[in-house]
>>> print(open('target.pdb').read())   # PDB, C-alpha atoms and all ligand atoms
MODEL        1
ATOM      1  CA  MET A1099     102.479  98.737 123.738
ATOM      2  CA  ASN A1100     102.017 101.851 125.828
ATOM      3  CA  SER A1101     101.707 105.587 125.379
ATOM      4  CA  GLU A1102     105.424 105.789 124.524
ATOM      5  CA  THR A1103     104.625 103.971 121.321
ATOM      6  CA  GLU A1104     104.942 106.107 118.253
ATOM      7  CA  VAL A1105     102.725 105.648 115.230
ATOM      8  CA  LYS A1106     104.186 106.729 111.915
ATOM      9  CA  ILE A1107     102.102 107.687 108.903
ATOM     10  CA  SER A1108     103.070 109.444 105.699
ATOM     11  CA  GLN A1109     101.672 112.880 105.016
ATOM     12  CA  ASP A1110     100.024 111.575 101.841
ATOM     13  CA  MET A1111      98.161 108.822 103.652
ATOM     14  CA  LEU A1112      97.002 111.097 106.425
ATOM     15  CA  ARG A1113      95.836 113.617 103.835
ATOM     16  CA  MET A1114      93.934 110.890 102.019
ATOM     17  CA  ILE A1115      92.130 109.887 105.224
ATOM     18  CA  LEU A1116      91.260 113.509 106.025
ATOM     19  CA  GLU A1117      90.102 114.238 102.458
ATOM     20  CA  SER A1118      87.975 111.154 102.314
ATOM     21  CA  ALA A1119      86.437 112.009 105.681
ATOM     22  CA  ARG A1120      85.731 115.521 104.439
ATOM     23  CA  SER A1121      84.098 114.318 101.235
ATOM     24  CA  LEU A1122      81.818 111.904 103.101
ATOM     25  CA  HIS A1123      80.939 114.340 105.882
ATOM     26  CA  PRO A1124      78.474 114.302 107.680
ATOM     27  CA  LYS A1125      78.659 110.556 107.135
ATOM     28  CA  GLU A1126      81.354 108.506 108.800
ATOM     29  CA  THR A1127      84.206 106.983 106.853
ATOM     30  CA  VAL A1128      86.070 103.778 107.791
ATOM     31  CA  PHE A1129      89.395 102.363 106.658
ATOM     32  CA  LEU A1130      91.551  99.427 107.611
ATOM     33  CA  LEU A1131      95.206 100.178 108.197
ATOM     34  CA  ARG A1132      97.953  97.883 107.063
ATOM     35  CA  GLY A1133     101.508  98.145 108.304
ATOM     36  CA  LYS A1134     104.242  96.932 110.592
ATOM     37  CA  THR A1135     104.490  96.882 114.349
ATOM     38  CA  CYS A1136     107.697  96.847 116.336
ATOM     39  CA  GLU A1137     108.060  97.187 120.073
ATOM     40  CA  HIS A1138     107.809 100.968 120.288
ATOM     41  CA  GLU A1139     106.940 101.865 116.764
ATOM     42  CA  ILE A1140     104.025 101.206 114.468
ATOM     43  CA  THR A1141     104.293 102.158 110.809
ATOM     44  CA  ILE A1142     101.143 102.542 108.768
ATOM     45  CA  SER A1143     102.001 101.593 105.199
ATOM     46  CA  GLU A1144      98.664 101.210 103.456
ATOM     47  CA  ILE A1145      95.034 102.233 103.723
ATOM     48  CA  VAL A1146      92.404  99.665 102.773
ATOM     49  CA  VAL A1147      88.684 100.173 102.256
ATOM     50  CA  PRO A1148      86.952  97.428 104.261
ATOM     51  CA  PRO A1149      84.776  94.961 102.347
ATOM     52  CA  SER A1150      81.108  95.924 102.395
ATOM     53  CA  ALA A1151      81.735  99.045 104.438
ATOM     54  CA  THR A1152      78.389 100.610 105.158
ATOM     55  CA  TYR A1153      79.289 104.241 104.927
ATOM     56  CA  GLY A1154      77.318 106.645 106.988
ATOM     57  CA  LYS A1155      75.942 104.172 109.464
ATOM     58  CA  GLY A1156      78.827 104.329 111.876
ATOM     59  CA  PHE A1157      81.917 102.356 112.575
ATOM     60  CA  ALA A1158      80.088  99.648 114.495
ATOM     61  CA  SER A1159      78.039  98.681 111.446
ATOM     62  CA  VAL A1160      80.948  97.179 109.512
ATOM     63  CA  PRO A1161      80.353  93.491 110.175
ATOM     64  CA  MET A1162      83.441  92.025 111.778
ATOM     65  CA  PHE A1163      82.926  88.657 110.103
ATOM     66  CA  MET A1164      83.390  90.428 106.778
ATOM     67  CA  MET A1165      86.816  91.604 107.796
ATOM     68  CA  PRO A1166      89.670  89.822 106.071
ATOM     69  CA  VAL A1167      91.736  87.491 108.218
ATOM     70  CA  ASP A1168      94.863  89.416 107.559
ATOM     71  CA  PHE A1169      97.554  89.814 110.140
ATOM     72  CA  SER A1170      99.035  92.779 108.362
ATOM     73  CA  ILE A1171      95.935  94.751 109.409
ATOM     74  CA  ILE A1172      97.295  96.728 112.319
ATOM     75  CA  GLY A1173      94.229  98.816 113.032
ATOM     76  CA  THR A1174      91.458 101.009 111.723
ATOM     77  CA  ALA A1175      90.808 104.646 110.914
ATOM     78  CA  HIS A1176      87.426 106.332 111.046
ATOM     79  CA  SER A1177      85.980 109.800 111.101
ATOM     80  CA  HIS A1178      84.101 111.681 113.793
ATOM     81  CA  PRO A1179      81.730 114.102 112.079
ATOM     82  CA  SER A1180      80.953 115.467 115.555
ATOM     83  CA  GLY A1181      84.442 116.976 115.712
ATOM     84  CA  SER A1182      85.402 115.051 118.845
ATOM     85  CA  LEU A1183      88.852 113.473 118.932
ATOM     86  CA  ARG A1184      87.871 111.215 121.813
ATOM     87  CA  LEU A1185      87.005 107.574 121.396
ATOM     88  CA  SER A1186      83.523 106.337 122.132
ATOM     89  CA  VAL A1187      82.773 103.178 124.095
ATOM     90  CA  GLY A1188      81.675 101.611 120.808
ATOM     91  CA  ASP A1189      85.017 102.427 119.214
ATOM     92  CA  LEU A1190      86.825 100.505 121.946
ATOM     93  CA  ASN A1191      84.367  97.615 121.904
ATOM     94  CA  HIS A1192      84.756  97.211 118.152
ATOM     95  CA  ALA A1193      88.489  97.800 117.983
ATOM     96  CA  LEU A1194      90.286  95.674 115.439
ATOM     97  CA  GLY A1195      94.057  95.374 115.465
ATOM     98  CA  LYS A1196      96.324  97.480 117.622
ATOM     99  CA  VAL A1197      95.593 101.077 116.758
ATOM    100  CA  ILE A1198      92.534 103.258 116.295
ATOM    101  CA  LEU A1199      93.028 106.407 114.257
ATOM    102  CA  VAL A1200      90.359 109.093 114.505
ATOM    103  CA  ALA A1201      89.900 111.942 112.051
ATOM    104  CA  ALA A1202      87.655 114.660 113.428
ATOM    105  CA  TYR A1203      85.702 117.418 111.701
ATOM    106  CA  PRO A1204      86.790 119.810 110.063
ATOM    107  CA  TYR A1205      89.510 117.403 108.867
ATOM    108  CA  ASP A1206      91.833 120.190 107.705
ATOM    109  CA  SER A1207      95.101 119.514 109.528
ATOM    110  CA  VAL A1208      97.115 117.006 111.548
ATOM    111  CA  GLU A1209      95.463 118.476 114.641
ATOM    112  CA  CYS A1210      92.214 116.917 113.427
ATOM    113  CA  SER A1211      93.606 113.437 113.929
ATOM    114  CA  ALA A1212      94.525 111.307 116.911
ATOM    115  CA  VAL A1213      95.679 107.758 117.375
ATOM    116  CA  TYR A1214      95.010 105.387 120.277
ATOM    117  CA  ASN A1215      95.826 101.860 121.279
ATOM    118  CA  ARG A1216      92.918  99.503 121.825
ATOM    119  CA  ARG A1217      92.840 100.278 125.536
ATOM    120  CA  GLY A1218      92.079 103.875 124.625
ATOM    121  CA  ASP A1219      95.469 105.389 125.516
ATOM    122  CA  ARG A1220      96.484 108.128 123.139
ATOM    123  CA  LEU A1221      99.676 107.391 121.215
ATOM    124  CA  LYS A1222     102.119 109.758 119.538
ATOM    125  CA  LEU A1223     101.347 110.296 115.860
ATOM    126  CA  ARG A1224     104.343 111.151 113.734
ATOM    127  CA  VAL A1225     103.698 112.364 110.207
ATOM    128  CA  THR A1226     106.626 111.520 107.948
TER     129      THR A1226
HETATM  130 ZN    ZN A1301      84.504 106.739 116.769
ENDMDL
END
>>> encode(input="target.pdb", output="structure tokens", more="lines below")
Ligand SMILES: [Zn+2]
Amino acid sequence: MNSETEVKISQDMLRMILESARSLHPKETVFLLRGKTCEHEITISEIVVPPSATYGKGFASVPMFMMPVDFSIIGTAHSHPSGSLRLSVGDLNHALGKVILVAAYPYDSVECSAVYNRRGDRLKLRVT
């Protein structure tokens, strides 16, 4: 998987992530992403609230041992109340799955979101 990889998400799902991030702001929101991965294409098909997500304490506080052993989990989404679209070192250290989707304040358009692979390379996000 490299930066040619395209990540597909439906408009409804992206809107749900952005709206949830907005309603929890200034706290951080976290979701697990379920979907399919092919060689150059990743399709996000479902958003899952992680078990025992500790909202507002940051992405790193969701205990990894609480995460379901579920190979359909292809990555995570979380919000950046700071407004930054860039990943933090903690985001990369705690990456789960193949993709990391970031929704940044003010969460009002596609431009407030970015998707990365777990090495931190930005991938193309296609809203379908
Ligand atoms: Zn982050």
>>> closest_residue(input="target.pdb", among="A:Gly1195, A:Thr1174, A:Leu1185, A:Tyr1205", to="Met1114 in chain A", atoms="all atoms listed in the file")
A:Tyr1205
>>> residues_near_ligand(input="target.pdb", ligand="ligand ZN 1301 (chain A)", cutoff="9 Å", atoms="all atoms listed in the file", output="short mmCIF file (atom, residue, chain, number, x, y, z; two decimals) with C-alpha atoms, in the coordinates of the input")
data_model
loop_
_atom_site.label_atom_id
_atom_site.label_comp_id
_atom_site.auth_asym_id
_atom_site.auth_seq_id
_atom_site.Cartn_x
_atom_site.Cartn_y
_atom_site.Cartn_z
CA GLU A 1126 81.35 108.51 108.80
CA GLY A 1156 78.83 104.33 111.88
CA PHE A 1157 81.92 102.36 112.58
CA ALA A 1158 80.09 99.65 114.50
CA ALA A 1175 90.81 104.65 110.91
CA HIS A 1176 87.43 106.33 111.05
CA SER A 1177 85.98 109.80 111.10
CA HIS A 1178 84.10 111.68 113.79
CA SER A 1182 85.40 115.05 118.84
CA LEU A 1183 88.85 113.47 118.93
CA ARG A 1184 87.87 111.22 121.81
CA LEU A 1185 87.00 107.57 121.40
CA SER A 1186 83.52 106.34 122.13
CA VAL A 1187 82.77 103.18 124.10
CA GLY A 1188 81.68 101.61 120.81
CA ASP A 1189 85.02 102.43 119.21
CA LEU A 1190 86.82 100.50 121.95
CA ILE A 1198 92.53 103.26 116.30
CA LEU A 1199 93.03 106.41 114.26
CA VAL A 1200 90.36 109.09 114.50
CA ALA A 1201 89.90 111.94 112.05
#
>>> axis_aligned_box(input="target.pdb", around="range 1198-1202 of chain A", padding_each_side="8 Å", output="JSON")
{"center_x": 90.3, "center_y": 109.0, "center_z": 114.2, "size_x": 21.4, "size_y": 27.4, "size_z": 20.2}
>>> residues_around(input="target.pdb", residues="Asp1110 in chain A", least_positions_apart="6", cutoff="10 Å", atoms="all atoms listed in the file", output="compact mmCIF listing (two decimals) with C-alpha atoms, in the coordinates of the input")
# COMPACT_ATOMS: atom_id res chain seq x y z
CA LEU A 1116 91.26 113.51 106.02
CA VAL A 1225 103.70 112.36 110.21
CA THR A 1226 106.63 111.52 107.95
>>> atom_distance(input="target.pdb", atom1="CA of Val1197 in chain A", atom2="CA of Glu1209 in chain A")
17.5 Å
>>> residues_around(input="target.pdb", residues="Lys1134 in chain A", least_positions_apart="2", cutoff="8 Å", atoms="only C-alpha atoms", output="number ranges by chain")
A: 1132, 1136, 1140-1143, 1170, 1172
>>> atom_distance(input="target.pdb", atom1="CA of Asp1206 in chain A", atom2="CA of Leu1122 in chain A")
13.8 Å
>>> atom_distance(input="target.pdb", atom1="CA of Leu1223 in chain A", atom2="CA of Ser1108 in chain A")
10.3 Å
>>> closest_residue(input="target.pdb", among="A:Val1208, A:Val1105, A:Ile1171, A:Val1213", to="Glu1117 in chain A", atoms="only C-alpha atoms")
A:Val1208
>>> residues_near_point(input="target.pdb", point="(77.9, 117.0, 107.4)", cutoff="10 Å", atoms="only C-alpha atoms", output="count of residues only")
11
>>> resolve_selection(input="target.pdb", expression="the PyMOL selection byres (((chain A and resi 1146) around 8) and not hetatm)", output="PyMOL selection string")
chain A and resi 1129-1132+1144-1145+1147-1148
>>> resolve_selection(input="target.pdb", expression="the PyMOL selection byres (((chain A and resi 1103) around 12) and not hetatm)", output="ChimeraX atom specification")
/A:1099-1102,1104-1106,1135-1141,1196-1197,1213-1215,1219-1224
>>> decode(input="target.pdb", residues="range 1116-1131 of chain A", atoms="all heavy atoms", output="PDB file, in the first residue's frame")
ATOM      1  N   LEU A1116     -17.855  13.595  10.756  1.00  0.00           N
ATOM      2  CA  LEU A1116     -17.653  15.022  10.979  1.00  0.00           C
ATOM      3  C   LEU A1116     -18.674  15.559  11.994  1.00  0.00           C
ATOM      4  O   LEU A1116     -18.331  16.349  12.875  1.00  0.00           O
ATOM      5  CB  LEU A1116     -17.762  15.795   9.658  1.00  0.00           C
ATOM      6  CG  LEU A1116     -16.635  15.525   8.652  1.00  0.00           C
ATOM      7  CD1 LEU A1116     -16.957  16.157   7.301  1.00  0.00           C
ATOM      8  CD2 LEU A1116     -15.291  16.041   9.150  1.00  0.00           C
ATOM      9  N   GLU A1117     -19.934  15.094  11.885  1.00  0.00           N
ATOM     10  CA  GLU A1117     -20.961  15.588  12.804  1.00  0.00           C
ATOM     11  C   GLU A1117     -20.711  15.118  14.232  1.00  0.00           C
ATOM     12  O   GLU A1117     -20.896  15.863  15.187  1.00  0.00           O
ATOM     13  CB  GLU A1117     -22.355  15.147  12.344  1.00  0.00           C
ATOM     14  CG  GLU A1117     -22.923  16.139  11.348  1.00  0.00           C
ATOM     15  CD  GLU A1117     -24.212  15.650  10.693  1.00  0.00           C
ATOM     16  OE1 GLU A1117     -24.799  14.655  11.182  1.00  0.00           O
ATOM     17  OE2 GLU A1117     -24.611  16.268   9.698  1.00  0.00           O
ATOM     18  N   SER A1118     -20.287  13.889  14.343  1.00  0.00           N
ATOM     19  CA  SER A1118     -19.982  13.374  15.666  1.00  0.00           C
ATOM     20  C   SER A1118     -18.794  14.125  16.280  1.00  0.00           C
ATOM     21  O   SER A1118     -18.798  14.464  17.466  1.00  0.00           O
ATOM     22  CB  SER A1118     -19.698  11.882  15.557  1.00  0.00           C
ATOM     23  OG  SER A1118     -18.939  11.456  16.624  1.00  0.00           O
ATOM     24  N   ALA A1119     -17.788  14.388  15.460  1.00  0.00           N
ATOM     25  CA  ALA A1119     -16.627  15.138  15.935  1.00  0.00           C
ATOM     26  C   ALA A1119     -17.048  16.532  16.384  1.00  0.00           C
ATOM     27  O   ALA A1119     -16.606  17.031  17.420  1.00  0.00           O
ATOM     28  CB  ALA A1119     -15.579  15.234  14.834  1.00  0.00           C
ATOM     29  N   ARG A1120     -17.958  17.130  15.611  1.00  0.00           N
ATOM     30  CA  ARG A1120     -18.414  18.482  15.937  1.00  0.00           C
ATOM     31  C   ARG A1120     -19.196  18.479  17.249  1.00  0.00           C
ATOM     32  O   ARG A1120     -19.029  19.351  18.084  1.00  0.00           O
ATOM     33  CB  ARG A1120     -19.289  19.019  14.806  1.00  0.00           C
ATOM     34  CG  ARG A1120     -19.458  20.519  14.838  1.00  0.00           C
ATOM     35  CD  ARG A1120     -20.401  21.000  13.740  1.00  0.00           C
ATOM     36  NE  ARG A1120     -19.984  20.549  12.418  1.00  0.00           N
ATOM     37  CZ  ARG A1120     -20.803  20.074  11.477  1.00  0.00           C
ATOM     38  NH1 ARG A1120     -22.105  19.982  11.706  1.00  0.00           N
ATOM     39  NH2 ARG A1120     -20.336  19.707  10.311  1.00  0.00           N
ATOM     40  N   SER A1121     -20.036  17.444  17.442  1.00  0.00           N
ATOM     41  CA  SER A1121     -20.860  17.445  18.643  1.00  0.00           C
ATOM     42  C   SER A1121     -20.038  17.148  19.894  1.00  0.00           C
ATOM     43  O   SER A1121     -20.423  17.527  20.983  1.00  0.00           O
ATOM     44  CB  SER A1121     -22.030  16.466  18.503  1.00  0.00           C
ATOM     45  OG  SER A1121     -21.540  15.160  18.442  1.00  0.00           O
ATOM     46  N   LEU A1122     -18.906  16.469  19.741  1.00  0.00           N
ATOM     47  CA  LEU A1122     -18.076  16.184  20.916  1.00  0.00           C
ATOM     48  C   LEU A1122     -17.005  17.241  21.154  1.00  0.00           C
ATOM     49  O   LEU A1122     -16.361  17.251  22.192  1.00  0.00           O
ATOM     50  CB  LEU A1122     -17.413  14.817  20.779  1.00  0.00           C
ATOM     51  CG  LEU A1122     -18.304  13.636  21.145  1.00  0.00           C
ATOM     52  CD1 LEU A1122     -17.758  12.359  20.568  1.00  0.00           C
ATOM     53  CD2 LEU A1122     -18.428  13.519  22.656  1.00  0.00           C
ATOM     54  N   HIS A1123     -16.791  18.101  20.170  1.00  0.00           N
ATOM     55  CA  HIS A1123     -15.761  19.133  20.293  1.00  0.00           C
ATOM     56  C   HIS A1123     -15.958  19.931  21.576  1.00  0.00           C
ATOM     57  O   HIS A1123     -17.088  20.271  21.891  1.00  0.00           O
ATOM     58  CB  HIS A1123     -15.856  20.059  19.070  1.00  0.00           C
ATOM     59  CG  HIS A1123     -14.754  21.076  19.030  1.00  0.00           C
ATOM     60  ND1 HIS A1123     -13.491  20.777  18.575  1.00  0.00           N
ATOM     61  CD2 HIS A1123     -14.726  22.368  19.423  1.00  0.00           C
ATOM     62  CE1 HIS A1123     -12.733  21.868  18.685  1.00  0.00           C
ATOM     63  NE2 HIS A1123     -13.458  22.831  19.192  1.00  0.00           N
ATOM     64  N   PRO A1124     -14.955  20.285  22.357  1.00  0.00           N
ATOM     65  CA  PRO A1124     -13.512  20.146  22.089  1.00  0.00           C
ATOM     66  C   PRO A1124     -12.927  18.805  22.506  1.00  0.00           C
ATOM     67  O   PRO A1124     -11.714  18.670  22.556  1.00  0.00           O
ATOM     68  CB  PRO A1124     -12.910  21.274  22.916  1.00  0.00           C
ATOM     69  CG  PRO A1124     -13.808  21.367  24.113  1.00  0.00           C
ATOM     70  CD  PRO A1124     -15.192  20.995  23.624  1.00  0.00           C
ATOM     71  N   LYS A1125     -13.801  17.828  22.812  1.00  0.00           N
ATOM     72  CA  LYS A1125     -13.266  16.506  23.115  1.00  0.00           C
ATOM     73  C   LYS A1125     -12.981  15.763  21.816  1.00  0.00           C
ATOM     74  O   LYS A1125     -13.499  16.119  20.759  1.00  0.00           O
ATOM     75  CB  LYS A1125     -14.264  15.722  23.967  1.00  0.00           C
ATOM     76  CG  LYS A1125     -14.484  16.331  25.334  1.00  0.00           C
ATOM     77  CD  LYS A1125     -15.487  15.522  26.100  1.00  0.00           C
ATOM     78  CE  LYS A1125     -15.723  16.138  27.478  1.00  0.00           C
ATOM     79  NZ  LYS A1125     -16.832  15.466  28.140  1.00  0.00           N
ATOM     80  N   GLU A1126     -12.209  14.710  21.941  1.00  0.00           N
ATOM     81  CA  GLU A1126     -11.816  13.941  20.757  1.00  0.00           C
ATOM     82  C   GLU A1126     -12.768  12.770  20.578  1.00  0.00           C
ATOM     83  O   GLU A1126     -13.190  12.160  21.551  1.00  0.00           O
ATOM     84  CB  GLU A1126     -10.392  13.437  20.971  1.00  0.00           C
ATOM     85  CG  GLU A1126      -9.691  13.031  19.701  1.00  0.00           C
ATOM     86  CD  GLU A1126      -8.253  12.624  19.972  1.00  0.00           C
ATOM     87  OE1 GLU A1126      -7.469  13.480  20.422  1.00  0.00           O
ATOM     88  OE2 GLU A1126      -7.923  11.454  19.751  1.00  0.00           O
ATOM     89  N   THR A1127     -13.105  12.469  19.354  1.00  0.00           N
ATOM     90  CA  THR A1127     -13.954  11.321  19.082  1.00  0.00           C
ATOM     91  C   THR A1127     -13.145  10.235  18.366  1.00  0.00           C
ATOM     92  O   THR A1127     -12.198  10.538  17.644  1.00  0.00           O
ATOM     93  CB  THR A1127     -15.189  11.739  18.249  1.00  0.00           C
ATOM     94  OG1 THR A1127     -16.002  10.610  18.041  1.00  0.00           O
ATOM     95  CG2 THR A1127     -14.802  12.301  16.903  1.00  0.00           C
ATOM     96  N   VAL A1128     -13.502   8.983  18.598  1.00  0.00           N
ATOM     97  CA  VAL A1128     -12.771   7.847  18.008  1.00  0.00           C
ATOM     98  C   VAL A1128     -13.758   6.836  17.430  1.00  0.00           C
ATOM     99  O   VAL A1128     -14.763   6.518  18.055  1.00  0.00           O
ATOM    100  CB  VAL A1128     -11.918   7.103  19.087  1.00  0.00           C
ATOM    101  CG1 VAL A1128     -11.095   6.002  18.442  1.00  0.00           C
ATOM    102  CG2 VAL A1128     -11.039   8.057  19.838  1.00  0.00           C
ATOM    103  N   PHE A1129     -13.468   6.355  16.252  1.00  0.00           N
ATOM    104  CA  PHE A1129     -14.258   5.286  15.647  1.00  0.00           C
ATOM    105  C   PHE A1129     -13.330   4.221  15.091  1.00  0.00           C
ATOM    106  O   PHE A1129     -12.192   4.513  14.724  1.00  0.00           O
ATOM    107  CB  PHE A1129     -15.068   5.806  14.448  1.00  0.00           C
ATOM    108  CG  PHE A1129     -16.174   6.739  14.811  1.00  0.00           C
ATOM    109  CD1 PHE A1129     -16.070   8.085  14.497  1.00  0.00           C
ATOM    110  CD2 PHE A1129     -17.308   6.272  15.439  1.00  0.00           C
ATOM    111  CE1 PHE A1129     -17.105   8.957  14.816  1.00  0.00           C
ATOM    112  CE2 PHE A1129     -18.339   7.140  15.767  1.00  0.00           C
ATOM    113  CZ  PHE A1129     -18.241   8.484  15.456  1.00  0.00           C
ATOM    114  N   LEU A1130     -13.854   3.009  14.998  1.00  0.00           N
ATOM    115  CA  LEU A1130     -13.180   1.970  14.226  1.00  0.00           C
ATOM    116  C   LEU A1130     -13.831   1.950  12.851  1.00  0.00           C
ATOM    117  O   LEU A1130     -15.021   2.232  12.716  1.00  0.00           O
ATOM    118  CB  LEU A1130     -13.361   0.601  14.890  1.00  0.00           C
ATOM    119  CG  LEU A1130     -12.842   0.457  16.314  1.00  0.00           C
ATOM    120  CD1 LEU A1130     -13.154  -0.942  16.834  1.00  0.00           C
ATOM    121  CD2 LEU A1130     -11.348   0.713  16.376  1.00  0.00           C
ATOM    122  N   LEU A1131     -13.044   1.622  11.854  1.00  0.00           N
ATOM    123  CA  LEU A1131     -13.565   1.566  10.490  1.00  0.00           C
ATOM    124  C   LEU A1131     -13.535   0.126  10.011  1.00  0.00           C
ATOM    125  O   LEU A1131     -12.535  -0.569  10.161  1.00  0.00           O
ATOM    126  CB  LEU A1131     -12.707   2.438   9.564  1.00  0.00           C
ATOM    127  CG  LEU A1131     -12.575   3.906   9.965  1.00  0.00           C
ATOM    128  CD1 LEU A1131     -11.567   4.594   9.062  1.00  0.00           C
ATOM    129  CD2 LEU A1131     -13.928   4.600   9.908  1.00  0.00           C
TER     130      LEU A1131
END
